[in-house]
Amino acid sequence: MAATQLLTVIEPDGGVNGHDVGMTNDELLHCYRTLLRTRAFDDTCMKLQRSGRIGFSIPNKGVEATQVGAASALQKTDWLFPSYRDFGMALYHGVPMADMLHNMFGNALDSAKGRQMPVHFSFVEPIKFVSISSPIGTHLPQAVGAAYAMKLRGEKTVAVTSFGDGGTSSLGFHSGLNFAAVWKSPVVFLCQNNQWAISCPSSGQTASESYAIKAKAYGMPGVLVDGNDVLAVRKAMLEAVDRARKGLGPTLIEAFTFRMAGHSTSDDPTRYVPKEQFAEWEKKDPVLRFEKFLAKKKLWNEDVRAKYTDEATAEIHLAVQLAEGTPRPGIETIFSDVYRDVPAHIRKQGEAAFDLAARKGDASAGDGKFPL
Amino acid sequence: MAATQLLTVIEPDGGVNGHDVGMTNDELLHCYRTLLRTRAFDDTCMKLQRSGRIGFSIPNKGVEATQVGAASALQKTDWLFPSYRDFGMALYHGVPMADMLHNMFGNALDSAKGRQMPVHFSFVEPIKFVSISSPIGTHLPQAVGAAYAMKLRGEKTVAVTSFGDGGTSSLGFHSGLNFAAVWKSPVVFLCQNNQWAISCPSSGQTASESYAIKAKAYGMPGVLVDGNDVLAVRKAMLEAVDRARKGLGPTLIEAFTFRMAGHSTSDDPTRYVPKEQFAEWEKKDPVLRFEKFLAKKKLWNEDVRAKYTDEATAEIHLAVQLAEGTPRPGIETIFSDVYRDVPAHIRKQGEAAFDLAARKGDASAGDGKFPL
Amino acid sequence: MATLTLLQAVNDALKTAMRDDPSVVVFGEDVGPKGGVFLATEGLTKEFGANRCFDTPLSEDGIIGTGIGMALNGLKPVCEIQFQDFIFPAFDQIVSEAAKFRYRSGGQYTCPMVIRTPYGGGIRGGLYHSQSGEAYFCHTPGLKVVIPSTPHDAKGLLLASIDDPDPVLFLEPKALYRQVKGEVPEGKYKVDLSTLRTVREGRNVTVFCYGAMVPVCERAAVQAAEKGIETLIVDLRTLLPLDEEGVIEAAKQTGRVVVVHEAPRFCGFGGEISAIIAENAIEYMEAPIARVTGFDTPFPNTLEHHYMPDERRVLDAIEHVHNY
Amino acid sequence: MATLTLLQAVNDALKTAMRDDPSVVVFGEDVGPKGGVFLATEGLTKEFGANRCFDTPLSEDGIIGTGIGMALNGLKPVCEIQFQDFIFPAFDQIVSEAAKFRYRSGGQYTCPMVIRTPYGGGIRGGLYHSQSGEAYFCHTPGLKVVIPSTPHDAKGLLLASIDDPDPVLFLEPKALYRQVKGEVPEGKYKVDLSTLRTVREGRNVTVFCYGAMVPVCERAAVQAAEKGIETLIVDLRTLLPLDEEGVIEAAKQTGRVVVVHEAPRFCGFGGEISAIIAENAIEYMEAPIARVTGFDTPFPNTLEHHYMPDERRVLDAIEHVHNY
Ligand SMILES: Cc1ncc(C[n+]2csc(CCOP(=O)(O)OP(=O)(O)O)c2C)c(N)n1
Ligand SMILES: Cc1ncc(C[n+]2csc(CCOP(=O)(O)OP(=O)(O)O)c2C)c(N)n1
Ligand SMILES: [Mg+2]
Ligand SMILES: [Mg+2]
């Protein structure tokens, strides 16, 4: 595998060119199901936002294969340090859709207690899906630290961290990869190169030949892989995870893919993405790609798609009802979890807030909308 | 030139293996003279510190060739963003020793008005030698910005920035090289790899094959050069500077050398540098190396060394007298240069300080010593 | 004079400066073809070319670091940080470098540059798209910190900042971007840095505020007036260097003071205002110096309206110090 | 009990914690074989192995970022930043990440970690080896900020910090490292975070201080006593969360207050103390609340003794508020 040549497994006709896929039919169908559920989830969130029922979302369309392929290489005991576009990884490992929607609505059942913007998930089960941060790149060295702990205790787990092409310019990329390589940490760096960082194309992000080649600067292997190909991503991840578990150190994987939508619900990509690029990548849709492969294996036809789509629709429908029907978090959640124990000054501020509300009524919600 | 193979010009016997040196005898002797003056300056500062006459110094022994070779490739209109170990570059371009010593004494004639620690020089003439900062790596993106201005105005100048092996781990290295390559800025990054960052050896700094190879991550050429060889460093720098002037963008040069002393006057390298490493590099002394070359060209014998040494000694002797005899900066210098115009609150604080001194006498200097 | 939003006034100021002075360059993430995520830089690349208004890689350290280098070498960089919450990777370049270059070089090297960035809550941005970090920067000698609250001031203060010989952090109250409108003169004019603005005269209580809190305090003052309390409102505008004389004067005028900001209270900018008054005019005070601020917690999302000071809270404090 | 310097007490605390708990790891630049540039970590690599005390590459962002990851995953990292002046590259990791992890994850992920770093002047370190940045961190909810002034407290507070469930910034007054000596109990003991220490009782003037300013204030108090002024000295020790009740109480006791710190005045920690008093006890004040601080300039080198508050300046302020 190389840092400047694209690793592909699924051919245009759905064949795998002699690759040993090594997955059961059930496993393959779980991947497929997750692709569809991810797309359905994305779709629903976009619609919820457009109709004003949630404040914000981040489209996922086009990058599902990377997430499903990567997630499929992990054990439940591994740790994920994801970014905001990583719906698919959570869904793959069985995070309930409702839990994800509680976050999108920022309601009382949201694990983050409505404190974060939508898409900033945090889960400890069924896999460690570490609380997502908005600041780009900060989670890379954090993954390295978590991996250090694993190694120190002699565990055979790995930490995987996922970030965008833009994320490679961040401070955390530099310190994260450097520390990981020096420490030979069991960590995998997954760069989801969707070719855009909001409106900045790769040519404005770096002059390097590829993102994978940046691994050279840190003395670790760099692998460039077709991000629209579930099996190629899985293959690269499996190798990297295996290296990590064996104590051979970190790997940088670049998954080359495309964001088939705007950066977020606040973004209009037609201002800067060339029309032709959209058209070109429409043809490379990762879901169609995987369907071709499944069809060739006789695992797929339109009915299979319909069945899973219906399933996903029903699941998400129920989850939306649940989440939308759940009230806001209580005002006391503003004041808790700053520290384990509430210090006197914060306690007093909380008491004053309740006292004021009792005397003068509640604060009223503004009409501010997220612009980005 | 390559990122993992050492470029050398001066052979062990002083020959240059067919390289076209392309310098006049006067130019060569200016290099030699600067090597000796740099070493003399270093030596004097170490002694001044040991005898308590200045507070701190940073040894330079062993890395003089890198500085002289690099400086020799620049024009007076170019900009230097140096680090604290770069005495030689200033001396090469004709900064008077006395001006440098005013800084070492932090006196009233110090261009930094005694505000900075010793070795944190700042000069605008005869070359832009940009005010040195303690925080590692911050000056790299600054050099890129200065180079952007040159390019925007269509000037044919370059910005050169120099830093250590430890500096490659800093944030500024990552953002500096990345921005420079994307912008094709006329800038040269000179990594002086002296194999130690205080007590941290290269093996603890990075797992990459070399420092020069880190250029790959940014899409610019990386060159590894023998840092104890004036002519090799000059050759690499000339090529890089030429590329930059032609608008072809930045280059990363790694000069491989060795710090033949402690990190600073507060450091005891015997705690961590293996004895054998000192012994090995004693033999590779860059001054002896250049003398061999000059001797082969019939430009050198013991008398030449004696002559230049005497000259340097006399020069520095006078400069020390001047600097040591110059009084401290006036108290008003504490309050100026925070902004161009002194704002009211700072003016008042200054007035209060003078008033208090008038009523209760001056503050007395503590006996605090710099520990590092 | 045109009637502009605060956002349009910022855009107008940038265009005015770039027309006036070819050394002015504008850059940051997404400021080029997209025109910035709030559209503050819309049209600049088109009018002035991609050499003078351009996107950067995703590194605030790089944006400010290169901006410093440009400033050292004769350009007038106006850097945009997409959200103030994302300025922290550049904290070292700002506080260690830009703020200290003049001092540490004895005036040989200087950093006349502007860092523009939207700050504050009110857009359901949660922890990382809502913060008010002015206090972090106000504790840094060598920086100037400016926050407009009207379109007129936004343009005049920004033009003054661009002309300033020292580094200026220009914090734009994003909640007001499209919320406030006002008359804005055409062409170049400057609003002096370090002079506060009296928003409203009043003899009972003095309220100090800035940025997005100004309209909140104005609304509270209207309600207070209905209860017979006349409020003097001061928009500080330039937090550093602060118009200390003006602050002391305004505090003395009523002897009852409320300080308002969105940022957390502890070690916030309001403390400095209280301290200046307690140091210079305590004998004039007839009531505790009250602070109405964000809570000492991170910034929440769903409940942000409970977190941010609103008319209710400001009015309550006005009444409290008035009736003390 | 052994008599130790403050530096030895820090070293003792680290050893005690590492013996007590195998999940404690110590890392940073030069902390391994060299034992740290001040020798605070001397002997740790030898006793506990290079897996538990080790050098890092030169990146504060990396040190704190990996420390956070370790803390998330069950270790107790004690990170060293070589000088507080060099903490700024890690500012984002500290204020955006460590401080907010518990809150933003609803308590699912937490960051029990300690960041040790020497701060303050007195060693002729100039702009970048002398700063006191406590105010930057005290404005950050989610962090704790601790500063010892005696060997006893250094050990007890550091052990309490290592045991704390939340991130603690532990600022060590480098000027006192070898200057103060005192009795230090053997083995493990803790000094409560968030309880101030009364250094000296007095009924005329209250002085609030911390860290390296404590001995300076003590000396000033001796001189004041010679002039008949009895000074109550409070060592705040934990700045965040602050013992606010204790502060208010101590201020009320004399009605005359001086606040002392080395950091620049504007928006410094002293302002918060003044503000708390002005908000909660203004009617007890019989004089202006005075601040004695570093100047609002960067930290100079040759003239650092003029910059740092000394007995002269503290005494002058005590007399000023006393005679007001
Ligand atoms: C430190 C920081 N700077 C700026 C931003 C604003 N921002 C949010 S997403 C984004 C682009 C990220 O691009 P990329 O890393 O390629 O990820 P993608 O969104 O394409 O998945 C930017 C600039 C941020 N969140 N954090
Ligand atoms: C940001 C920052 N962190 C830590 C330090 C403390 N420090 C000063 S020099 C140094 C080592 C630098 O090593 P290197 O870059 O190799 O340069 P050299 O001293 O070897 O020339 C360190 C860690 C600093 N000055 N700045
Ligand atoms: Mg992207
Ligand atoms: Mg080095």
# chains A, B, ... in the order shown; residues from 1 in each chain; ligands from 1

$ closest_atom_pairs --of "chain A" --to "ligand 1" --cutoff "6 Å" --atoms "only C-alpha atoms and all ligand atoms" --output "tab-separated table"
residue	atom	partner	partner_atom_place_in_ligand_line	distance
A:Arg85	CA	ligand 1	21 (O)	5.8
A:Ser134	CA	ligand 1	25 (N)	4.7
A:Pro135	CA	ligand 1	26 (N)	3.6
A:Ile136	CA	ligand 1	26 (N)	4.1
A:Phe163	CA	ligand 1	15 (O)	5.8
A:Gly164	CA	ligand 1	15 (O)	3.3
A:Asp165	CA	ligand 1	16 (O)	3.9
A:Gly166	CA	ligand 1	15 (O)	3.3
A:Gly167	CA	ligand 1	15 (O)	3.9
A:Asn194	CA	ligand 1	20 (O)	5.6
A:Trp196	CA	ligand 1	20 (O)	5.1
A:Ala197	CA	ligand 1	13 (O)	3.2
A:Ile198	CA	ligand 1	11 (C)	4.7
A:His263	CA	ligand 1	19 (O)	5.9

$ residues_around --residues "Gln8 in chain C" --least-positions-apart "5" --cutoff "12 Å" --atoms "only C-alpha atoms" --output "list in words"
Ala2, Thr3, Ala13, Leu14, Lys15, Thr16, Phe38, Leu39, Ala40, Thr41, Glu42, Gly43, Thr150, Pro151, His152, Ala154, Lys155, Leu176, Tyr177, Arg178, Gln179, Val180, Lys181, Gly182, Glu183 and Val184 of chain C

$ write_last_selection --atoms "N, CA, C and O atoms" --output "compact mmCIF listing (two decimals), in the first residue's frame"
# COMPACT_ATOMS: atom_id res chain seq x y z
N ALA C 2 -25.75 56.04 3.95
CA ALA C 2 -26.53 54.82 3.75
C ALA C 2 -26.91 54.22 5.09
O ALA C 2 -26.23 54.41 6.09
N THR C 3 -27.99 53.49 5.11
CA THR C 3 -28.37 52.73 6.30
C THR C 3 -27.86 51.30 6.14
O THR C 3 -28.25 50.60 5.20
N ALA C 13 -16.14 49.04 5.63
CA ALA C 13 -14.86 49.50 6.18
C ALA C 13 -13.70 48.81 5.48
O ALA C 13 -12.70 49.44 5.12
N LEU C 14 -13.83 47.51 5.26
CA LEU C 14 -12.75 46.77 4.62
C LEU C 14 -12.54 47.29 3.19
O LEU C 14 -11.40 47.51 2.76
N LYS C 15 -13.62 47.48 2.48
CA LYS C 15 -13.49 47.98 1.11
C LYS C 15 -12.86 49.38 1.10
O LYS C 15 -12.00 49.68 0.29
N THR C 16 -13.33 50.22 2.02
CA THR C 16 -12.80 51.58 2.10
C THR C 16 -11.29 51.55 2.35
O THR C 16 -10.52 52.25 1.68
N PHE C 38 -19.84 34.56 7.49
CA PHE C 38 -20.92 35.53 7.75
C PHE C 38 -21.07 36.53 6.59
O PHE C 38 -21.85 37.46 6.68
N LEU C 39 -20.24 36.38 5.58
CA LEU C 39 -20.22 37.25 4.41
C LEU C 39 -19.65 38.65 4.70
O LEU C 39 -19.92 39.60 3.97
N ALA C 40 -18.83 38.74 5.72
CA ALA C 40 -18.22 40.04 6.03
C ALA C 40 -17.21 40.46 4.97
O ALA C 40 -16.95 41.65 4.78
N THR C 41 -16.64 39.50 4.26
CA THR C 41 -15.62 39.84 3.26
C THR C 41 -16.13 39.65 1.83
O THR C 41 -15.36 39.55 0.89
N GLU C 42 -17.44 39.64 1.73
CA GLU C 42 -18.03 39.42 0.41
C GLU C 42 -17.57 40.47 -0.60
O GLU C 42 -17.53 41.66 -0.30
N GLY C 43 -17.20 40.00 -1.77
CA GLY C 43 -16.85 40.91 -2.86
C GLY C 43 -15.41 41.41 -2.85
O GLY C 43 -14.97 42.06 -3.80
N THR C 150 -22.48 49.52 17.16
CA THR C 150 -23.36 50.12 16.15
C THR C 150 -22.66 50.07 14.80
O THR C 150 -21.43 49.98 14.75
N PRO C 151 -23.43 50.12 13.73
CA PRO C 151 -22.82 50.15 12.40
C PRO C 151 -21.86 51.33 12.24
O PRO C 151 -20.76 51.18 11.70
N HIS C 152 -22.23 52.50 12.74
CA HIS C 152 -21.36 53.67 12.63
C HIS C 152 -20.02 53.41 13.28
O HIS C 152 -18.96 53.67 12.71
N ALA C 154 -18.77 50.50 14.08
CA ALA C 154 -18.10 49.35 13.49
C ALA C 154 -17.18 49.82 12.36
O ALA C 154 -16.01 49.45 12.29
N LYS C 155 -17.69 50.67 11.51
CA LYS C 155 -16.86 51.14 10.40
C LYS C 155 -15.76 52.09 10.90
O LYS C 155 -14.59 51.91 10.55
N LEU C 176 -25.30 40.91 16.71
CA LEU C 176 -25.80 42.19 16.17
C LEU C 176 -25.57 42.33 14.66
O LEU C 176 -26.02 43.31 14.06
N TYR C 177 -24.85 41.39 14.06
CA TYR C 177 -24.46 41.53 12.65
C TYR C 177 -25.62 42.01 11.77
O TYR C 177 -25.49 42.91 10.97
N ARG C 178 -26.73 41.32 11.92
CA ARG C 178 -27.88 41.67 11.08
C ARG C 178 -29.02 42.28 11.91
O ARG C 178 -30.05 42.65 11.38
N GLN C 179 -28.80 42.37 13.22
CA GLN C 179 -29.87 42.82 14.10
C GLN C 179 -29.95 44.34 14.18
O GLN C 179 -31.03 44.89 14.28
N VAL C 180 -28.79 44.99 14.16
CA VAL C 180 -28.84 46.46 14.26
C VAL C 180 -28.56 47.10 12.91
O VAL C 180 -27.75 46.60 12.12
N LYS C 181 -29.23 48.19 12.66
CA LYS C 181 -29.03 48.97 11.45
C LYS C 181 -28.80 50.41 11.84
O LYS C 181 -29.29 50.86 12.88
N GLY C 182 -28.07 51.14 11.02
CA GLY C 182 -27.87 52.54 11.35
C GLY C 182 -27.20 53.28 10.22
O GLY C 182 -26.71 52.68 9.27
N GLU C 183 -27.18 54.59 10.33
CA GLU C 183 -26.57 55.41 9.29
C GLU C 183 -25.05 55.31 9.36
O GLU C 183 -24.46 55.39 10.44
N VAL C 184 -24.47 55.15 8.21
CA VAL C 184 -23.02 55.01 8.13
C VAL C 184 -22.50 55.94 7.04
O VAL C 184 -22.90 55.83 5.89

$ residues_near_ligand --ligand "ligand 3" --cutoff "12 Å" --atoms "only C-alpha atoms and all ligand atoms" --output "PyMOL selection string"
(chain A and resi 58-60+62-63+83-85+136+162-169+191-205+211+254-264) or (chain C and resi 57-58)

$ residues_around --residues "range 225-239 of chain D" --least-positions-apart "2" --cutoff "6 Å" --atoms "only C-alpha atoms" --output "list of chain:residue names"
D:Val145, D:Val146, D:Ile147, D:Pro148, D:Leu193, D:Ser194, D:Leu196, D:Arg197, D:Thr198, D:Val199, D:Arg200, D:Glu201, D:Gly202, D:Arg203, D:Asn204, D:Val205, D:Thr206, D:Val207, D:Phe208, D:Cys209, D:Tyr210, D:Ala221, D:Val222, D:Gln223, D:Pro241, D:Leu242

$ write_last_selection --atoms "N, CA and C atoms" --output "PDB file, in the first residue's frame"
ATOM      1  N   VAL D 145      -7.008  26.436  39.576  1.00  0.00           N
ATOM      2  CA  VAL D 145      -5.713  27.112  39.511  1.00  0.00           C
ATOM      3  C   VAL D 145      -5.161  27.239  40.926  1.00  0.00           C
ATOM      4  N   VAL D 146      -3.995  26.657  41.132  1.00  0.00           N
ATOM      5  CA  VAL D 146      -3.418  26.537  42.474  1.00  0.00           C
ATOM      6  C   VAL D 146      -2.003  27.109  42.469  1.00  0.00           C
ATOM      7  N   ILE D 147      -1.666  27.873  43.513  1.00  0.00           N
ATOM      8  CA  ILE D 147      -0.310  28.435  43.636  1.00  0.00           C
ATOM      9  C   ILE D 147       0.147  28.326  45.085  1.00  0.00           C
ATOM     10  N   PRO D 148       1.157  27.519  45.350  1.00  0.00           N
ATOM     11  CA  PRO D 148       1.644  27.409  46.730  1.00  0.00           C
ATOM     12  C   PRO D 148       2.668  28.506  47.040  1.00  0.00           C
ATOM     13  N   LEU D 193      -8.068  22.145  48.434  1.00  0.00           N
ATOM     14  CA  LEU D 193      -8.136  23.166  47.394  1.00  0.00           C
ATOM     15  C   LEU D 193      -9.338  24.049  47.700  1.00  0.00           C
ATOM     16  N   SER D 194      -9.160  25.336  47.610  1.00  0.00           N
ATOM     17  CA  SER D 194     -10.231  26.294  47.863  1.00  0.00           C
ATOM     18  C   SER D 194     -10.400  26.712  49.317  1.00  0.00           C
ATOM     19  N   LEU D 196      -8.369  29.459  51.788  1.00  0.00           N
ATOM     20  CA  LEU D 196      -7.220  30.365  51.879  1.00  0.00           C
ATOM     21  C   LEU D 196      -6.466  30.123  53.184  1.00  0.00           C
ATOM     22  N   ARG D 197      -5.279  30.700  53.273  1.00  0.00           N
ATOM     23  CA  ARG D 197      -4.445  30.534  54.456  1.00  0.00           C
ATOM     24  C   ARG D 197      -4.179  31.907  55.044  1.00  0.00           C
ATOM     25  N   THR D 198      -4.446  32.034  56.340  1.00  0.00           N
ATOM     26  CA  THR D 198      -4.114  33.293  57.000  1.00  0.00           C
ATOM     27  C   THR D 198      -2.659  33.231  57.429  1.00  0.00           C
ATOM     28  N   VAL D 199      -1.859  34.095  56.847  1.00  0.00           N
ATOM     29  CA  VAL D 199      -0.418  34.053  57.089  1.00  0.00           C
ATOM     30  C   VAL D 199      -0.082  34.794  58.364  1.00  0.00           C
ATOM     31  N   ARG D 200      -0.842  35.851  58.624  1.00  0.00           N
ATOM     32  CA  ARG D 200      -0.538  36.730  59.742  1.00  0.00           C
ATOM     33  C   ARG D 200      -1.819  37.466  60.111  1.00  0.00           C
ATOM     34  N   GLU D 201      -2.093  37.564  61.386  1.00  0.00           N
ATOM     35  CA  GLU D 201      -3.285  38.278  61.805  1.00  0.00           C
ATOM     36  C   GLU D 201      -2.976  39.762  61.966  1.00  0.00           C
ATOM     37  N   GLY D 202      -3.975  40.586  61.821  1.00  0.00           N
ATOM     38  CA  GLY D 202      -3.773  42.030  61.982  1.00  0.00           C
ATOM     39  C   GLY D 202      -5.103  42.726  61.871  1.00  0.00           C
ATOM     40  N   ARG D 203      -5.240  43.877  62.541  1.00  0.00           N
ATOM     41  CA  ARG D 203      -6.567  44.473  62.558  1.00  0.00           C
ATOM     42  C   ARG D 203      -6.709  45.749  61.744  1.00  0.00           C
ATOM     43  N   ASN D 204      -5.573  46.210  61.145  1.00  0.00           N
ATOM     44  CA  ASN D 204      -5.656  47.492  60.443  1.00  0.00           C
ATOM     45  C   ASN D 204      -5.870  47.388  58.939  1.00  0.00           C
ATOM     46  N   VAL D 205      -5.101  46.538  58.320  1.00  0.00           N
ATOM     47  CA  VAL D 205      -5.139  46.450  56.860  1.00  0.00           C
ATOM     48  C   VAL D 205      -5.094  44.975  56.448  1.00  0.00           C
ATOM     49  N   THR D 206      -5.883  44.626  55.423  1.00  0.00           N
ATOM     50  CA  THR D 206      -5.850  43.263  54.887  1.00  0.00           C
ATOM     51  C   THR D 206      -5.071  43.241  53.576  1.00  0.00           C
ATOM     52  N   VAL D 207      -4.127  42.321  53.472  1.00  0.00           N
ATOM     53  CA  VAL D 207      -3.367  42.176  52.223  1.00  0.00           C
ATOM     54  C   VAL D 207      -3.657  40.801  51.636  1.00  0.00           C
ATOM     55  N   PHE D 208      -4.135  40.788  50.394  1.00  0.00           N
ATOM     56  CA  PHE D 208      -4.349  39.524  49.683  1.00  0.00           C
ATOM     57  C   PHE D 208      -3.180  39.285  48.734  1.00  0.00           C
ATOM     58  N   CYS D 209      -2.626  38.081  48.786  1.00  0.00           N
ATOM     59  CA  CYS D 209      -1.496  37.792  47.912  1.00  0.00           C
ATOM     60  C   CYS D 209      -1.406  36.285  47.699  1.00  0.00           C
ATOM     61  N   TYR D 210      -0.451  35.876  46.905  1.00  0.00           N
ATOM     62  CA  TYR D 210      -0.232  34.436  46.669  1.00  0.00           C
ATOM     63  C   TYR D 210       1.137  34.240  46.040  1.00  0.00           C
ATOM     64  N   ALA D 221       4.851  43.690  55.949  1.00  0.00           N
ATOM     65  CA  ALA D 221       4.031  43.741  57.169  1.00  0.00           C
ATOM     66  C   ALA D 221       4.892  43.981  58.401  1.00  0.00           C
ATOM     67  N   VAL D 222       6.082  43.400  58.388  1.00  0.00           N
ATOM     68  CA  VAL D 222       6.992  43.626  59.512  1.00  0.00           C
ATOM     69  C   VAL D 222       7.328  45.114  59.607  1.00  0.00           C
ATOM     70  N   GLN D 223       7.617  45.697  58.444  1.00  0.00           N
ATOM     71  CA  GLN D 223       7.940  47.131  58.430  1.00  0.00           C
ATOM     72  C   GLN D 223       6.726  47.969  58.834  1.00  0.00           C
ATOM     73  N   PRO D 241     -11.254  27.097  42.239  1.00  0.00           N
ATOM     74  CA  PRO D 241     -12.291  27.967  42.791  1.00  0.00           C
ATOM     75  C   PRO D 241     -11.775  28.696  44.027  1.00  0.00           C
ATOM     76  N   LEU D 242     -12.135  29.942  44.107  1.00  0.00           N
ATOM     77  CA  LEU D 242     -11.651  30.821  45.164  1.00  0.00           C
ATOM     78  C   LEU D 242     -12.501  30.677  46.419  1.00  0.00           C
TER      79      LEU D 242
END

$ interface_residues --of "chain C" --to "chain D" --cutoff "9 Å" --atoms "only C-alpha atoms" --output "MDAnalysis selection string"
chainID C and resid 85:93 95:96 99:100 103:104 127:128 133 135:142 240 263:283 285:291 295:298 300

$ interface_residues --of "chain A" --to "chain C" --cutoff "8 Å" --atoms "only C-alpha atoms" --output "VMD selection string"
chain A and resid 55 106 to 107 114 to 117 134 to 135 166 to 167 169 to 171 197 to 200 204 to 206 267 271 to 272 328 to 329 331 334 to 335 338 345 to 346 349 356 360 362 to 372

$ interface_residues --of "chain A" --to "chain B" --cutoff "6 Å" --atoms "only C-alpha atoms" --output "list in words"
Leu171, Ala181, Val182, Thr206, Ala207, Ser208, Lys214, Ala217, Tyr218 and Gly219 of chain A
